[in-house]
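K.L.:
Sharing data_37.pdb here; it has PDB, C-alpha atoms.
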```pdb
ATOM      1  CA  MET I   1     -85.452  49.794-174.913
ATOM      2  CA  ALA I   2     -87.938  46.985-175.633
ATOM      3  CA  GLY I   3     -87.628  44.447-172.850
ATOM      4  CA  GLU I   4     -85.268  46.740-170.906
ATOM      5  CA  ALA I   5     -87.580  49.516-169.728
ATOM      6  CA  ASP I   6     -91.306  49.962-169.192
ATOM      7  CA  PHE I   7     -91.708  53.689-169.702
ATOM      8  CA  HIS I   8     -94.334  55.116-167.367
ATOM      9  CA  LEU I   9     -94.122  58.329-169.350
ATOM     10  CA  LEU I  10     -92.003  60.168-171.894
ATOM     11  CA  ARG I  11     -91.415  63.919-172.046
ATOM     12  CA  GLU I  12     -89.466  65.977-174.618
ATOM     13  CA  SER I  13     -87.853  69.395-174.634
ATOM     14  CA  GLY I  14     -85.185  70.856-176.906
ATOM     15  CA  GLY I  15     -84.584  67.527-178.628
ATOM     16  CA  MET I  16     -83.926  65.694-175.337
ATOM     17  CA  VAL I  17     -86.365  62.920-174.404
ATOM     18  CA  TYR I  18     -86.767  61.847-170.770
ATOM     19  CA  GLY I  19     -88.486  58.657-169.690
ATOM     20  CA  LEU I  20     -89.431  57.190-166.330
ATOM     21  CA  ASP I  21     -89.053  53.407-166.178
ATOM     22  CA  SER I  22     -91.969  52.186-164.069
ATOM     23  CA  THR I  23     -90.229  48.956-163.072
ATOM     24  CA  SER I  24     -86.880  50.287-161.831
ATOM     25  CA  GLY I  25     -87.700  53.943-161.076
ATOM     26  CA  ALA I  26     -84.864  54.994-163.374
ATOM     27  CA  LEU I  27     -84.956  58.324-165.154
ATOM     28  CA  LEU I  28     -83.486  57.775-168.619
ATOM     29  CA  ALA I  29     -82.519  60.401-171.195
ATOM     30  CA  SER I  30     -81.902  60.260-174.934
ATOM     31  CA  ALA I  31     -80.876  62.878-177.462
ATOM     32  CA  ASP I  32     -81.175  60.524-180.448
ATOM     33  CA  ARG I  33     -84.143  58.360-179.329
ATOM     34  CA  SER I  34     -81.973  55.247-179.848
ATOM     35  CA  THR I  35     -79.405  55.277-177.061
ATOM     36  CA  TRP I  36     -80.511  55.959-173.492
ATOM     37  CA  GLU I  37     -78.491  57.139-170.500
ATOM     38  CA  ARG I  38     -79.579  56.290-166.963
ATOM     39  CA  ARG I  39     -79.476  59.624-165.123
ATOM     40  CA  SER I  40     -80.856  58.729-161.679
ATOM     41  CA  THR I  41     -83.374  56.636-159.801
ATOM     42  CA  ILE I  42     -86.404  58.444-158.417
ATOM     43  CA  GLU I  43     -89.857  57.143-157.524
ATOM     44  CA  ALA I  44     -91.996  59.715-159.327
ATOM     45  CA  PHE I  45     -95.653  59.987-160.274
ATOM     46  CA  ASP I  46     -95.204  62.543-163.036
ATOM     47  CA  LEU I  47     -92.516  64.557-164.793
ATOM     48  CA  ALA I  48     -92.423  67.986-166.435
ATOM     49  CA  VAL I  49     -89.572  69.459-168.485
ATOM     50  CA  ASP I  50     -89.020  73.188-168.938
ATOM     51  CA  PRO I  51     -89.622  73.963-172.646
ATOM     52  CA  THR I  52     -86.896  76.624-172.700
ATOM     53  CA  ARG I  53     -84.270  74.828-170.561
ATOM     54  CA  ALA I  54     -84.292  71.115-171.373
ATOM     55  CA  ALA I  55     -82.056  70.305-168.382
ATOM     56  CA  THR I  56     -84.622  71.644-165.869
ATOM     57  CA  LEU I  57     -87.051  68.971-164.713
ATOM     58  CA  LEU I  58     -89.687  68.665-162.013
ATOM     59  CA  VAL I  59     -91.117  65.414-160.657
ATOM     60  CA  THR I  60     -93.913  64.703-158.210
ATOM     61  CA  THR I  61     -92.972  62.239-155.475
ATOM     62  CA  GLU I  62     -94.369  61.069-152.143
ATOM     63  CA  GLN I  63     -91.905  63.495-150.540
ATOM     64  CA  GLY I  64     -93.220  66.416-152.611
ATOM     65  CA  LEU I  65     -92.005  68.205-155.684
ATOM     66  CA  GLN I  66     -88.347  67.619-156.659
ATOM     67  CA  ARG I  67     -86.310  69.768-159.071
ATOM     68  CA  SER I  68     -83.292  68.964-161.216
ATOM     69  CA  THR I  69     -81.298  71.533-163.165
ATOM     70  CA  ASP I  70     -78.786  69.037-164.556
ATOM     71  CA  GLY I  71     -81.018  66.860-166.707
ATOM     72  CA  GLY I  72     -82.162  64.563-163.919
ATOM     73  CA  ARG I  73     -78.766  63.580-162.541
ATOM     74  CA  THR I  74     -79.408  65.144-159.119
ATOM     75  CA  TRP I  75     -82.595  66.251-157.346
ATOM     76  CA  SER I  76     -83.491  68.708-154.598
ATOM     77  CA  PRO I  77     -86.805  69.665-152.975
ATOM     78  CA  ALA I  78     -88.735  72.386-154.798
ATOM     79  CA  ASN I  79     -90.997  74.964-153.206
ATOM     80  CA  SER I  80     -94.573  74.001-154.053
ATOM     81  CA  PRO I  81     -97.944  72.956-152.789
ATOM     82  CA  ALA I  82     -98.367  69.179-152.458
ATOM     83  CA  LEU I  83     -98.720  68.064-156.068
ATOM     84  CA  LEU I  84    -100.274  65.027-157.626
ATOM     85  CA  LEU I  85     -99.937  65.634-161.378
ATOM     86  CA  LEU I  86     -97.812  67.936-163.482
ATOM     87  CA  LEU I  87     -98.295  69.280-166.960
ATOM     88  CA  HIS I  88     -95.632  69.789-169.567
ATOM     89  CA  TRP I  89     -94.486  73.348-169.477
ATOM     90  CA  SER I  90     -95.746  75.372-172.392
ATOM     91  CA  ASP I  91     -95.952  79.043-173.241
ATOM     92  CA  ARG I  92     -98.961  79.102-170.874
ATOM     93  CA  GLY I  93     -96.818  78.004-167.930
ATOM     94  CA  LEU I  94     -97.008  74.896-165.787
ATOM     95  CA  PHE I  95    -100.288  73.554-164.431
ATOM     96  CA  ALA I  96    -100.607  70.986-161.649
ATOM     97  CA  VAL I  97    -103.227  69.312-159.511
ATOM     98  CA  THR I  98    -102.720  69.206-155.735
ATOM     99  CA  THR I  99    -103.518  66.129-153.687
ATOM    100  CA  ASP I 100    -106.779  67.780-152.572
ATOM    101  CA  GLY I 101    -107.829  68.458-156.188
ATOM    102  CA  ARG I 102    -106.980  72.151-156.488
ATOM    103  CA  VAL I 103    -105.583  73.356-159.808
ATOM    104  CA  VAL I 104    -102.463  75.486-159.459
ATOM    105  CA  ARG I 105    -100.351  77.341-162.009
ATOM    106  CA  SER I 106     -96.718  78.351-162.097
ATOM    107  CA  PRO I 107     -94.948  80.572-164.627
ATOM    108  CA  ASP I 108     -91.531  79.150-163.674
ATOM    109  CA  GLY I 109     -91.935  75.974-161.604
ATOM    110  CA  ALA I 110     -90.966  77.871-158.446
ATOM    111  CA  THR I 111     -93.825  80.247-157.636
ATOM    112  CA  TRP I 112     -97.410  78.977-157.598
ATOM    113  CA  SER I 113    -100.912  80.428-157.566
ATOM    114  CA  VAL I 114    -104.293  78.742-157.209
ATOM    115  CA  THR I 115    -106.514  79.042-160.297
ATOM    116  CA  GLY I 116    -109.700  78.794-158.240
ATOM    117  CA  GLY I 117    -110.725  75.454-159.668
ATOM    118  CA  ARG I 118    -110.876  71.888-158.440
ATOM    119  CA  VAL I 119    -110.801  68.748-160.505
ATOM    120  CA  PRO I 120    -113.904  66.598-160.366
ATOM    121  CA  GLY I 121    -113.145  62.981-159.528
ATOM    122  CA  THR I 122    -109.755  61.364-159.150
ATOM    123  CA  PRO I 123    -107.289  62.632-161.764
ATOM    124  CA  ALA I 124    -105.284  60.142-163.799
ATOM    125  CA  ALA I 125    -103.650  62.425-166.380
ATOM    126  CA  LEU I 126    -103.410  66.110-167.214
ATOM    127  CA  THR I 127    -102.354  67.705-170.480
ATOM    128  CA  ASP I 128    -103.005  70.752-172.635
ATOM    129  CA  HIS I 129    -103.740  71.513-176.246
ATOM    130  CA  GLU I 130    -103.998  74.997-177.705
ATOM    131  CA  ASP I 131    -105.897  77.068-175.119
ATOM    132  CA  SER I 132    -107.429  74.255-173.060
ATOM    133  CA  LEU I 133    -106.464  71.860-170.294
ATOM    134  CA  TYR I 134    -107.622  68.254-170.510
ATOM    135  CA  LEU I 135    -108.044  65.945-167.544
ATOM    136  CA  ALA I 136    -108.568  62.199-167.621
ATOM    137  CA  THR I 137    -110.109  60.702-164.495
ATOM    138  CA  LEU I 138    -109.855  57.220-163.061
ATOM    139  CA  ASP I 139    -113.562  56.676-163.815
ATOM    140  CA  ALA I 140    -112.790  56.984-167.569
ATOM    141  CA  ARG I 141    -114.045  60.537-168.097
ATOM    142  CA  VAL I 142    -112.202  63.197-170.092
ATOM    143  CA  LEU I 143    -112.853  66.785-169.061
ATOM    144  CA  ARG I 144    -111.881  70.084-170.678
ATOM    145  CA  SER I 145    -111.149  73.445-169.097
ATOM    146  CA  ALA I 146    -110.899  76.586-171.206
ATOM    147  CA  ASP I 147    -110.201  78.810-168.176
ATOM    148  CA  GLY I 148    -107.007  77.346-166.721
ATOM    149  CA  GLY I 149    -108.724  74.766-164.550
ATOM    150  CA  ALA I 150    -111.288  77.021-162.868
ATOM    151  CA  THR I 151    -114.203  75.089-164.421
ATOM    152  CA  TRP I 152    -114.456  71.714-166.200
ATOM    153  CA  GLN I 153    -116.832  70.339-168.832
ATOM    154  CA  PRO I 154    -117.054  66.656-169.832
ATOM    155  CA  LEU I 155    -116.195  65.748-173.410
ATOM    156  CA  PRO I 156    -118.719  63.600-175.253
ATOM    157  CA  SER I 157    -117.789  59.931-175.175
TER     158      SER I 157
END
```
Give the structure from the file, written as structure tokens.
P.N.:
Amino acid sequence: MAGEADFHLLRESGGMVYGLDSTSGALLASADRSTWERRSTIEAFDLAVDPTRAATLLVTTEQGLQRSTDGGRTWSPANSPALLLLLHWSDRGLFAVTTDGRVVRSPDGATWSVTGGRVPGTPAALTDHEDSLYLATLDARVLRSADGGATWQPLPS
């Protein structure tokens, strides 16, 4: 897709790769990582794909959380707090950051609970590795949480 798409992000589940083109707003999908199908157009900040059902996607938008159960072809509003960032689903569930900095968790992308934590600073990216969450902030810090986002510690630079 060189010269055709500027992927804002890529997410994978079950062999299917989804990408958001930051220039056109297109959601593209590929099973072979060579040919891409344009599934829909949606202005999204972040994307999460269910690790057990590759056709179930969530995106954060200005209108709130949107859900697709057909691989991103159609979207409908999802029940959620106002979200800013999403995390790839993993066996730990789905973590997100609300617009006011609260960390929330969902086992299924439909029901949510507050972890009790807030992110320090303005979040730019959220991910996980093993038993920890990692948060990158716009002021170039990387923070780690070993308790699901309740507390954060800076990583050494």
K.L.:
For the structure shown, which residues end up in the PyMOL selection byres ((chain I and resi 156) around 12)? Put them as a list in words, please?
P.N.:
Ala140, Arg141, Val142, Leu143, Arg144, Gln153, Pro154, Leu155 and Ser157 of chain I
K.L.:
Can I get the selected residues back with C-alpha atoms, as a short mmCIF file (atom, residue, chain, number, x, y, z; two decimals), in the frame of the given file?
P.N.:
```cif
data_model
loop_
_atom_site.label_atom_id
_atom_site.label_comp_id
_atom_site.auth_asym_id
_atom_site.auth_seq_id
_atom_site.Cartn_x
_atom_site.Cartn_y
_atom_site.Cartn_z
CA ALA I 140 -112.79 56.98 -167.57
CA ARG I 141 -114.04 60.54 -168.10
CA VAL I 142 -112.20 63.20 -170.09
CA LEU I 143 -112.85 66.78 -169.06
CA ARG I 144 -111.88 70.08 -170.68
CA GLN I 153 -116.83 70.34 -168.83
CA PRO I 154 -117.05 66.66 -169.83
CA LEU I 155 -116.20 65.75 -173.41
CA SER I 157 -117.79 59.93 -175.18
#
```
K.L.:
Taking (-97.0, 73.9, -154.0) in the file's coordinates as the center, which residues reach within 9 Å of it, counting only C-alpha atoms, put as a PyMOL selection string?
P.N.:
chain I and resi 64-65+78-83+96+98+104+110-113
K.L.:
Report, in Å with one decimal, the straight-line distance from atom CA of Asp50 of chain I to atom CA of Gly121 of chain I.
P.N.:
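These two atoms are separated by 27.8 Å.
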K.L.:
Residues within 8 Å of Gln66 of chain I, please, as an mmCIF file with C-alpha atoms, keeping the file's coordinate frame. Count all atoms listed in the file; anything in the same chain fewer than 4 positions from it doesn't count.
P.N.:
```
data_model
loop_
_atom_site.group_PDB
_atom_site.id
_atom_site.type_symbol
_atom_site.label_atom_id
_atom_site.label_comp_id
_atom_site.auth_asym_id
_atom_site.auth_seq_id
_atom_site.Cartn_x
_atom_site.Cartn_y
_atom_site.Cartn_z
ATOM 1 C CA LEU I 58 -89.687 68.665 -162.013
ATOM 2 C CA VAL I 59 -91.117 65.414 -160.657
ATOM 3 C CA THR I 60 -93.913 64.703 -158.210
ATOM 4 C CA THR I 61 -92.972 62.239 -155.475
ATOM 5 C CA TRP I 75 -82.595 66.251 -157.346
ATOM 6 C CA SER I 76 -83.491 68.708 -154.598
ATOM 7 C CA PRO I 77 -86.805 69.665 -152.975
ATOM 8 C CA ALA I 78 -88.735 72.386 -154.798
#
```
K.L.:
Restricting the calculation to only C-alpha atoms: of I:Ala146, I:Ala26, I:Leu57, I:Ala48, which residue gets closest to Glu4 of chain I?
P.N.:
I:Ala26
K.L.:
Could you write out as a list in words the residues that the PyMOL selection byres ((chain I and resi 20) around 6) matches in the shown file?
P.N.:
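Going through the file, the PyMOL selection byres ((chain I and resi 20) around 6) ends up selecting Phe7, His8, Leu9, Gly19, Asp21, Ala26 and Leu27 of chain I.
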K.L.:
Rounded to one decimal place, report the atom CA of Arg33 of chain I-atom CA of Gly109 of chain I distance in Å.
P.N.:
26.2 Å
K.L.:
Will you give me segment 6-118 of chain I, written with C-alpha atoms and laid out as a tab-separated table (two decimals), in the first residue's frame?
P.N.:
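See part_28.tsv below for the written result:
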```tsv
chain	number	residue	atom	x	y	z
I	6	ASP	CA	-0.88	6.16	5.32
I	7	PHE	CA	-1.74	3.69	8.05
I	8	HIS	CA	-2.50	5.47	11.32
I	9	LEU	CA	-2.44	2.07	12.99
I	10	LEU	CA	-2.52	-1.64	12.27
I	11	ARG	CA	-4.21	-4.31	14.39
I	12	GLU	CA	-4.26	-8.11	13.94
I	13	SER	CA	-6.50	-10.91	15.12
I	14	GLY	CA	-6.95	-14.44	13.81
I	15	GLY	CA	-4.74	-13.78	10.79
I	16	MET	CA	-6.78	-10.74	9.69
I	17	VAL	CA	-4.98	-7.38	9.70
I	18	TYR	CA	-6.97	-4.14	9.93
I	19	GLY	CA	-5.52	-0.73	9.17
I	20	LEU	CA	-6.84	2.81	9.46
I	21	ASP	CA	-5.69	5.09	6.64
I	22	SER	CA	-5.08	8.47	8.26
I	23	THR	CA	-5.53	10.39	5.01
I	24	SER	CA	-8.85	8.99	3.78
I	25	GLY	CA	-10.36	7.58	7.00
I	26	ALA	CA	-10.72	4.21	5.28
I	27	LEU	CA	-10.68	1.01	7.29
I	28	LEU	CA	-8.79	-1.58	5.23
I	29	ALA	CA	-8.51	-5.32	5.86
I	30	SER	CA	-6.10	-7.97	4.63
I	31	ALA	CA	-5.87	-11.70	5.22
I	32	ASP	CA	-2.62	-12.10	3.27
I	33	ARG	CA	-0.90	-8.77	4.10
I	34	SER	CA	-0.54	-8.11	0.34
I	35	THR	CA	-4.03	-7.36	-0.93
I	36	TRP	CA	-6.25	-4.94	0.98
I	37	GLU	CA	-10.02	-4.53	0.91
I	38	ARG	CA	-11.63	-1.20	1.76
I	39	ARG	CA	-14.33	-2.08	4.31
I	40	SER	CA	-15.69	1.34	5.31
I	41	THR	CA	-14.80	4.94	6.02
I	42	ILE	CA	-14.78	6.02	9.65
I	43	GLU	CA	-12.96	8.87	11.37
I	44	ALA	CA	-11.44	6.98	14.30
I	45	PHE	CA	-8.78	7.72	16.89
I	46	ASP	CA	-8.04	4.12	17.81
I	47	LEU	CA	-9.08	0.58	16.95
I	48	ALA	CA	-9.29	-2.67	18.92
I	49	VAL	CA	-10.00	-6.14	17.53
I	50	ASP	CA	-11.45	-8.98	19.60
I	51	PRO	CA	-8.72	-11.66	19.86
I	52	THR	CA	-11.27	-14.49	19.74
I	53	ARG	CA	-13.61	-13.07	17.06
I	54	ALA	CA	-11.56	-11.30	14.39
I	55	ALA	CA	-14.68	-9.76	12.81
I	56	THR	CA	-15.56	-7.84	16.01
I	57	LEU	CA	-13.97	-4.39	16.12
I	58	LEU	CA	-14.31	-1.30	18.27
I	59	VAL	CA	-13.21	2.21	17.32
I	60	THR	CA	-13.11	5.45	19.27
I	61	THR	CA	-14.66	8.39	17.43
I	62	GLU	CA	-15.82	11.92	18.24
I	63	GLN	CA	-19.33	10.45	18.45
I	64	GLY	CA	-18.23	7.82	20.99
I	65	LEU	CA	-17.39	4.16	20.78
I	66	GLN	CA	-18.54	2.34	17.61
I	67	ARG	CA	-18.79	-1.45	17.19
I	68	SER	CA	-18.64	-3.65	14.11
I	69	THR	CA	-19.37	-7.37	14.09
I	70	ASP	CA	-18.81	-7.81	10.35
I	71	GLY	CA	-15.13	-6.95	10.04
I	72	GLY	CA	-15.60	-3.20	9.80
I	73	ARG	CA	-18.15	-3.11	6.99
I	74	THR	CA	-20.87	-1.53	9.15
I	75	TRP	CA	-20.78	0.30	12.48
I	76	SER	CA	-23.22	0.99	15.31
I	77	PRO	CA	-22.88	2.87	18.60
I	78	ALA	CA	-21.53	0.79	21.49
I	79	ASN	CA	-22.41	1.21	25.14
I	80	SER	CA	-19.38	2.75	26.85
I	81	PRO	CA	-17.97	5.65	28.76
I	82	ALA	CA	-16.50	8.38	26.54
I	83	LEU	CA	-13.24	6.82	25.36
I	84	LEU	CA	-10.05	8.32	24.09
I	85	LEU	CA	-7.76	5.31	23.57
I	86	LEU	CA	-8.34	1.59	23.25
I	87	LEU	CA	-6.08	-1.34	23.86
I	88	HIS	CA	-5.90	-4.51	21.84
I	89	TRP	CA	-8.01	-7.13	23.47
I	90	SER	CA	-5.98	-9.79	25.20
I	91	ASP	CA	-6.68	-12.53	27.69
I	92	ARG	CA	-6.71	-9.73	30.30
I	93	GLY	CA	-9.63	-8.00	28.59
I	94	LEU	CA	-9.86	-4.57	27.00
I	95	PHE	CA	-8.45	-1.46	28.65
I	96	ALA	CA	-9.28	2.10	27.65
I	97	VAL	CA	-8.68	5.66	28.75
I	98	THR	CA	-11.66	8.02	29.03
I	99	THR	CA	-11.49	11.62	27.87
I	100	ASP	CA	-11.08	12.71	31.51
I	101	GLY	CA	-8.14	10.33	32.04
I	102	ARG	CA	-9.84	7.50	33.91
I	103	VAL	CA	-8.71	3.96	33.12
I	104	VAL	CA	-11.57	1.56	32.44
I	105	ARG	CA	-11.65	-2.17	31.73
I	106	SER	CA	-14.04	-4.38	29.84
I	107	PRO	CA	-14.09	-8.18	29.63
I	108	ASP	CA	-16.16	-8.10	26.42
I	109	GLY	CA	-16.19	-4.60	24.93
I	110	ALA	CA	-19.77	-4.08	26.13
I	111	THR	CA	-19.66	-3.81	29.92
I	112	TRP	CA	-17.15	-1.49	31.59
I	113	SER	CA	-15.75	-0.89	35.06
I	114	VAL	CA	-13.43	1.82	36.37
I	115	THR	CA	-10.05	0.51	37.57
I	116	GLY	CA	-9.63	3.38	40.04
I	117	GLY	CA	-6.71	4.92	38.22
I	118	ARG	CA	-6.11	8.00	36.12
```
